[in-house]
Every structure is written in C-alpha cells, then in structure tokens.
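Here is the structure we will look at, set down as structure tokens.
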Amino acid sequence: MSHINNQTQDLNSIELVQDLDHEAAATVSGGALFLSDYPFNTGDQLKISGKYDSFGSFNNKASWYEVTGDKDWYVYADEYRKGKPYVLKAGTKGNFYGYANNNWESAEPKPEYYP
C-alpha cells in the first residue's frame, strides 16, 4: 500500500530552489553578452541578456566583448538584427579588431535550432 503525502510545501523551503528575477533567469538560461566601448573592458559596459533590436547610444561603440553561459551570440552591424550575423562563441571574451571594432548595433542569443 502506498502512502501519499498531501502536505503542501513552500518551494522556498526546498533546498536548491531560488526565486530568480527576469535578468538572473535570462543569464542562467542563456548567459549574457557584455560589451565595452574601450578595449580590455576599460570603458562603459552594456549587458545584454536577450534579443536587442538596437544598442541605442551604444551603437557602433563596442571594442570589447565577453560571452557568459553556454550559448553563442549573434551581433549585427544593423539595427533590428538585420544583415549577416557575426558569431561570438560561448565562453569567450576579447577585443574587437578591424571590421568588428565599433561596428555593432543589435544582438541576440544564437537560436538553438540553427547549426
């Protein structure tokens, strides 16, 4: 005979259960893209944790990047994620050089159904 426990348990009382805000949940699920307007992350920084149609005043200013989490990211030279994407690999960081330096206006995590 089985015994069923009908007692209600508060989720916060269960070990390893946390209440995450939207930004933290996005970071955990897909990571984030950090951009800086100077090389070696020495300037102002923009954190992106989802699709961004435009970086606004940060357009064409990124000189450094870091990708956290386990997803690659696409950055685009045009607003609204138009044009050919430039891929930033998961877990990487570094300075942009040449064409890639100061050239990005929008971004998104790489969709899982694309190779």
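Simple scheme: letters A, B, ... for chains in structure tokens order, numbers from 1 for residues in each chain, numbers from 1 for ligands in the order shown.
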Spatial neighbours of Val75 in chain A, 12 Å, only C-alpha atoms, chain gap at least 2 places, as a PDB file with N, CA, C and O atoms, in the first residue's frame:
```
ATOM      1  N   LEU A  33      25.679  38.681 -22.905  1.00  0.00           N
ATOM      2  CA  LEU A  33      26.727  39.290 -23.718  1.00  0.00           C
ATOM      3  C   LEU A  33      27.055  40.630 -23.078  1.00  0.00           C
ATOM      4  O   LEU A  33      26.166  41.449 -22.848  1.00  0.00           O
ATOM      5  N   PHE A  34      28.322  40.834 -22.769  1.00  0.00           N
ATOM      6  CA  PHE A  34      28.797  42.096 -22.225  1.00  0.00           C
ATOM      7  C   PHE A  34      29.629  42.786 -23.295  1.00  0.00           C
ATOM      8  O   PHE A  34      30.474  42.151 -23.929  1.00  0.00           O
ATOM      9  N   LEU A  35      29.383  44.068 -23.485  1.00  0.00           N
ATOM     10  CA  LEU A  35      30.149  44.866 -24.438  1.00  0.00           C
ATOM     11  C   LEU A  35      30.750  46.057 -23.699  1.00  0.00           C
ATOM     12  O   LEU A  35      30.119  46.610 -22.795  1.00  0.00           O
ATOM     13  N   ILE A  48      23.753  42.540 -22.162  1.00  0.00           N
ATOM     14  CA  ILE A  48      22.627  42.103 -22.976  1.00  0.00           C
ATOM     15  C   ILE A  48      22.283  40.678 -22.567  1.00  0.00           C
ATOM     16  O   ILE A  48      23.140  39.803 -22.572  1.00  0.00           O
ATOM     17  N   GLY A  50      19.207  39.153 -23.789  1.00  0.00           N
ATOM     18  CA  GLY A  50      18.165  38.689 -24.691  1.00  0.00           C
ATOM     19  C   GLY A  50      18.279  39.422 -26.013  1.00  0.00           C
ATOM     20  O   GLY A  50      19.272  40.098 -26.260  1.00  0.00           O
ATOM     21  N   LYS A  51      17.269  39.313 -26.846  1.00  0.00           N
ATOM     22  CA  LYS A  51      17.306  40.000 -28.136  1.00  0.00           C
ATOM     23  C   LYS A  51      17.333  41.514 -27.926  1.00  0.00           C
ATOM     24  O   LYS A  51      16.574  42.045 -27.130  1.00  0.00           O
ATOM     25  N   TYR A  52      18.216  42.175 -28.639  1.00  0.00           N
ATOM     26  CA  TYR A  52      18.335  43.633 -28.608  1.00  0.00           C
ATOM     27  C   TYR A  52      18.207  44.154 -30.022  1.00  0.00           C
ATOM     28  O   TYR A  52      19.041  43.856 -30.872  1.00  0.00           O
ATOM     29  N   ASP A  53      17.164  44.939 -30.297  1.00  0.00           N
ATOM     30  CA  ASP A  53      16.971  45.497 -31.634  1.00  0.00           C
ATOM     31  C   ASP A  53      17.922  46.645 -31.919  1.00  0.00           C
ATOM     32  O   ASP A  53      18.251  46.915 -33.066  1.00  0.00           O
ATOM     33  N   SER A  54      18.343  47.340 -30.886  1.00  0.00           N
ATOM     34  CA  SER A  54      19.264  48.463 -31.052  1.00  0.00           C
ATOM     35  C   SER A  54      20.004  48.703 -29.740  1.00  0.00           C
ATOM     36  O   SER A  54      19.401  48.653 -28.671  1.00  0.00           O
ATOM     37  N   PHE A  55      21.295  48.985 -29.830  1.00  0.00           N
ATOM     38  CA  PHE A  55      22.074  49.322 -28.639  1.00  0.00           C
ATOM     39  C   PHE A  55      21.906  50.798 -28.268  1.00  0.00           C
ATOM     40  O   PHE A  55      22.493  51.263 -27.305  1.00  0.00           O
ATOM     41  N   ASN A  59      25.377  52.122 -30.000  1.00  0.00           N
ATOM     42  CA  ASN A  59      25.579  51.673 -31.379  1.00  0.00           C
ATOM     43  C   ASN A  59      26.963  52.070 -31.882  1.00  0.00           C
ATOM     44  O   ASN A  59      27.411  53.193 -31.677  1.00  0.00           O
ATOM     45  N   ASN A  60      27.626  51.126 -32.550  1.00  0.00           N
ATOM     46  CA  ASN A  60      28.937  51.354 -33.178  1.00  0.00           C
ATOM     47  C   ASN A  60      30.015  51.821 -32.201  1.00  0.00           C
ATOM     48  O   ASN A  60      30.903  52.576 -32.565  1.00  0.00           O
ATOM     49  N   ALA A  62      31.214  49.316 -29.541  1.00  0.00           N
ATOM     50  CA  ALA A  62      31.799  48.165 -28.848  1.00  0.00           C
ATOM     51  C   ALA A  62      33.206  47.855 -29.360  1.00  0.00           C
ATOM     52  O   ALA A  62      33.425  47.651 -30.543  1.00  0.00           O
ATOM     53  N   TYR A  65      34.283  42.438 -25.832  1.00  0.00           N
ATOM     54  CA  TYR A  65      33.090  41.626 -25.550  1.00  0.00           C
ATOM     55  C   TYR A  65      33.442  40.486 -24.600  1.00  0.00           C
ATOM     56  O   TYR A  65      34.603  40.073 -24.468  1.00  0.00           O
ATOM     57  N   VAL A  67      31.203  36.711 -23.595  1.00  0.00           N
ATOM     58  CA  VAL A  67      30.002  35.889 -23.675  1.00  0.00           C
ATOM     59  C   VAL A  67      30.020  34.925 -22.498  1.00  0.00           C
ATOM     60  O   VAL A  67      30.930  34.113 -22.369  1.00  0.00           O
ATOM     61  N   ASP A  72      26.133  30.584 -27.971  1.00  0.00           N
ATOM     62  CA  ASP A  72      26.787  31.559 -28.834  1.00  0.00           C
ATOM     63  C   ASP A  72      25.850  32.747 -29.011  1.00  0.00           C
ATOM     64  O   ASP A  72      24.641  32.639 -28.807  1.00  0.00           O
ATOM     65  N   TRP A  73      26.401  33.873 -29.419  1.00  0.00           N
ATOM     66  CA  TRP A  73      25.623  35.083 -29.669  1.00  0.00           C
ATOM     67  C   TRP A  73      25.879  35.585 -31.074  1.00  0.00           C
ATOM     68  O   TRP A  73      26.984  35.465 -31.598  1.00  0.00           O
ATOM     69  N   ALA A  77      25.627  44.374 -37.664  1.00  0.00           N
ATOM     70  CA  ALA A  77      26.070  45.732 -37.970  1.00  0.00           C
ATOM     71  C   ALA A  77      24.888  46.682 -38.166  1.00  0.00           C
ATOM     72  O   ALA A  77      25.078  47.890 -38.226  1.00  0.00           O
ATOM     73  N   ASP A  78      23.680  46.151 -38.242  1.00  0.00           N
ATOM     74  CA  ASP A  78      22.486  46.966 -38.425  1.00  0.00           C
ATOM     75  C   ASP A  78      21.521  46.769 -37.260  1.00  0.00           C
ATOM     76  O   ASP A  78      21.517  45.721 -36.613  1.00  0.00           O
ATOM     77  N   GLU A  79      20.682  47.767 -37.035  1.00  0.00           N
ATOM     78  CA  GLU A  79      19.647  47.645 -36.019  1.00  0.00           C
ATOM     79  C   GLU A  79      18.632  46.584 -36.426  1.00  0.00           C
ATOM     80  O   GLU A  79      18.565  46.182 -37.579  1.00  0.00           O
ATOM     81  N   TYR A  80      17.860  46.135 -35.463  1.00  0.00           N
ATOM     82  CA  TYR A  80      16.795  45.140 -35.662  1.00  0.00           C
ATOM     83  C   TYR A  80      17.327  43.808 -36.178  1.00  0.00           C
ATOM     84  O   TYR A  80      16.638  43.085 -36.876  1.00  0.00           O
ATOM     85  N   ARG A  81      18.572  43.497 -35.850  1.00  0.00           N
ATOM     86  CA  ARG A  81      19.196  42.198 -36.166  1.00  0.00           C
ATOM     87  C   ARG A  81      19.102  41.880 -37.657  1.00  0.00           C
ATOM     88  O   ARG A  81      18.787  40.776 -38.052  1.00  0.00           O
ATOM     89  N   LYS A  82      19.408  42.859 -38.489  1.00  0.00           N
ATOM     90  CA  LYS A  82      19.382  42.671 -39.939  1.00  0.00           C
ATOM     91  C   LYS A  82      20.792  42.526 -40.476  1.00  0.00           C
ATOM     92  O   LYS A  82      21.749  43.015 -39.901  1.00  0.00           O
ATOM     93  N   GLY A  83      20.894  41.862 -41.610  1.00  0.00           N
ATOM     94  CA  GLY A  83      22.191  41.649 -42.231  1.00  0.00           C
ATOM     95  C   GLY A  83      22.811  40.338 -41.787  1.00  0.00           C
ATOM     96  O   GLY A  83      22.194  39.531 -41.089  1.00  0.00           O
ATOM     97  N   LYS A  84      24.027  40.139 -42.176  1.00  0.00           N
ATOM     98  CA  LYS A  84      24.736  38.900 -41.848  1.00  0.00           C
ATOM     99  C   LYS A  84      25.240  38.943 -40.403  1.00  0.00           C
ATOM    100  O   LYS A  84      25.908  39.896 -40.007  1.00  0.00           O
ATOM    101  N   PRO A  85      24.914  37.918 -39.618  1.00  0.00           N
ATOM    102  CA  PRO A  85      25.369  37.918 -38.223  1.00  0.00           C
ATOM    103  C   PRO A  85      26.856  37.563 -38.103  1.00  0.00           C
ATOM    104  O   PRO A  85      27.407  36.834 -38.906  1.00  0.00           O
ATOM    105  N   TYR A  86      27.468  38.103 -37.085  1.00  0.00           N
ATOM    106  CA  TYR A  86      28.843  37.796 -36.689  1.00  0.00           C
ATOM    107  C   TYR A  86      28.711  36.968 -35.419  1.00  0.00           C
ATOM    108  O   TYR A  86      28.023  37.380 -34.478  1.00  0.00           O
ATOM    109  N   VAL A  87      29.324  35.819 -35.358  1.00  0.00           N
ATOM    110  CA  VAL A  87      29.138  34.896 -34.232  1.00  0.00           C
ATOM    111  C   VAL A  87      30.201  35.125 -33.158  1.00  0.00           C
ATOM    112  O   VAL A  87      31.392  35.145 -33.444  1.00  0.00           O
ATOM    113  N   LEU A  88      29.725  35.284 -31.931  1.00  0.00           N
ATOM    114  CA  LEU A  88      30.598  35.326 -30.761  1.00  0.00           C
ATOM    115  C   LEU A  88      30.367  34.028 -29.997  1.00  0.00           C
ATOM    116  O   LEU A  88      29.255  33.730 -29.577  1.00  0.00           O
ATOM    117  N   LYS A  89      31.414  33.244 -29.823  1.00  0.00           N
ATOM    118  CA  LYS A  89      31.307  31.913 -29.234  1.00  0.00           C
ATOM    119  C   LYS A  89      31.123  31.960 -27.720  1.00  0.00           C
ATOM    120  O   LYS A  89      31.691  32.807 -27.030  1.00  0.00           O
ATOM    121  N   PHE A  96      37.574  43.549 -30.085  1.00  0.00           N
ATOM    122  CA  PHE A  96      37.213  43.519 -31.495  1.00  0.00           C
ATOM    123  C   PHE A  96      38.316  44.228 -32.278  1.00  0.00           C
ATOM    124  O   PHE A  96      38.866  45.230 -31.818  1.00  0.00           O
ATOM    125  N   ALA A 100      35.212  44.371 -37.162  1.00  0.00           N
ATOM    126  CA  ALA A 100      34.365  44.110 -35.994  1.00  0.00           C
ATOM    127  C   ALA A 100      34.425  45.218 -34.943  1.00  0.00           C
ATOM    128  O   ALA A 100      33.525  45.349 -34.131  1.00  0.00           O
ATOM    129  N   ASN A 101      35.461  46.029 -34.945  1.00  0.00           N
ATOM    130  CA  ASN A 101      35.607  47.065 -33.929  1.00  0.00           C
ATOM    131  C   ASN A 101      34.662  48.238 -34.200  1.00  0.00           C
ATOM    132  O   ASN A 101      34.628  48.772 -35.298  1.00  0.00           O
ATOM    133  N   ASN A 102      33.903  48.611 -33.195  1.00  0.00           N
ATOM    134  CA  ASN A 102      32.970  49.750 -33.277  1.00  0.00           C
ATOM    135  C   ASN A 102      31.967  49.611 -34.416  1.00  0.00           C
ATOM    136  O   ASN A 102      31.663  50.580 -35.106  1.00  0.00           O
ATOM    137  N   ASN A 103      31.426  48.410 -34.610  1.00  0.00           N
ATOM    138  CA  ASN A 103      30.557  48.188 -35.765  1.00  0.00           C
ATOM    139  C   ASN A 103      29.203  47.558 -35.439  1.00  0.00           C
ATOM    140  O   ASN A 103      28.447  47.271 -36.340  1.00  0.00           O
ATOM    141  N   TRP A 104      28.843  47.341 -34.178  1.00  0.00           N
ATOM    142  CA  TRP A 104      27.655  46.553 -33.858  1.00  0.00           C
ATOM    143  C   TRP A 104      26.512  47.413 -33.360  1.00  0.00           C
ATOM    144  O   TRP A 104      26.705  48.344 -32.581  1.00  0.00           O
ATOM    145  N   GLU A 105      25.271  47.052 -33.793  1.00  0.00           N
ATOM    146  CA  GLU A 105      24.089  47.817 -33.412  1.00  0.00           C
ATOM    147  C   GLU A 105      22.967  46.978 -32.809  1.00  0.00           C
ATOM    148  O   GLU A 105      22.028  47.526 -32.255  1.00  0.00           O
ATOM    149  N   SER A 106      23.033  45.642 -32.935  1.00  0.00           N
ATOM    150  CA  SER A 106      21.993  44.781 -32.362  1.00  0.00           C
ATOM    151  C   SER A 106      22.573  43.394 -32.116  1.00  0.00           C
ATOM    152  O   SER A 106      23.634  43.055 -32.630  1.00  0.00           O
ATOM    153  N   ALA A 107      21.852  42.594 -31.327  1.00  0.00           N
ATOM    154  CA  ALA A 107      22.359  41.262 -30.970  1.00  0.00           C
ATOM    155  C   ALA A 107      21.226  40.352 -30.522  1.00  0.00           C
ATOM    156  O   ALA A 107      20.136  40.810 -30.179  1.00  0.00           O
ATOM    157  N   GLU A 108      21.532  39.051 -30.505  1.00  0.00           N
ATOM    158  CA  GLU A 108      20.607  38.053 -29.968  1.00  0.00           C
ATOM    159  C   GLU A 108      21.375  36.772 -29.666  1.00  0.00           C
ATOM    160  O   GLU A 108      22.393  36.485 -30.289  1.00  0.00           O
ATOM    161  N   PRO A 109      20.880  35.995 -28.675  1.00  0.00           N
ATOM    162  CA  PRO A 109      21.483  34.682 -28.461  1.00  0.00           C
ATOM    163  C   PRO A 109      21.227  33.829 -29.698  1.00  0.00           C
ATOM    164  O   PRO A 109      20.171  33.938 -30.330  1.00  0.00           O
ATOM    165  N   LYS A 110      22.170  32.996 -30.052  1.00  0.00           N
ATOM    166  CA  LYS A 110      22.009  32.130 -31.214  1.00  0.00           C
ATOM    167  C   LYS A 110      20.875  31.145 -30.948  1.00  0.00           C
ATOM    168  O   LYS A 110      20.915  30.409 -29.953  1.00  0.00           O
TER     169      LYS A 110
END
```
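Candidate residues A:Tyr97, A:Lys71, A:Ser57, A:Glu112 were compared for distance to Gln45 in chain A, and the nearest is A:Ser57, using only C-alpha atoms.
Residues of range 15-94 of chain A assigned to strand (DSSP E or B) by DSSP on this structure's backbone: Leu33, Phe34, Leu35, Ser36, Gln45, Leu46, Lys47, Ile48, Tyr52, Trp64, Tyr65, Glu66, Val67, Trp73, Tyr74, Val75, Tyr76, Tyr86, Val87, Leu88, Lys93 and Gly94 of chain A.
The coordinates place CA of Trp64 in chain A at 6.4 Å from CA of Tyr38 in chain A.
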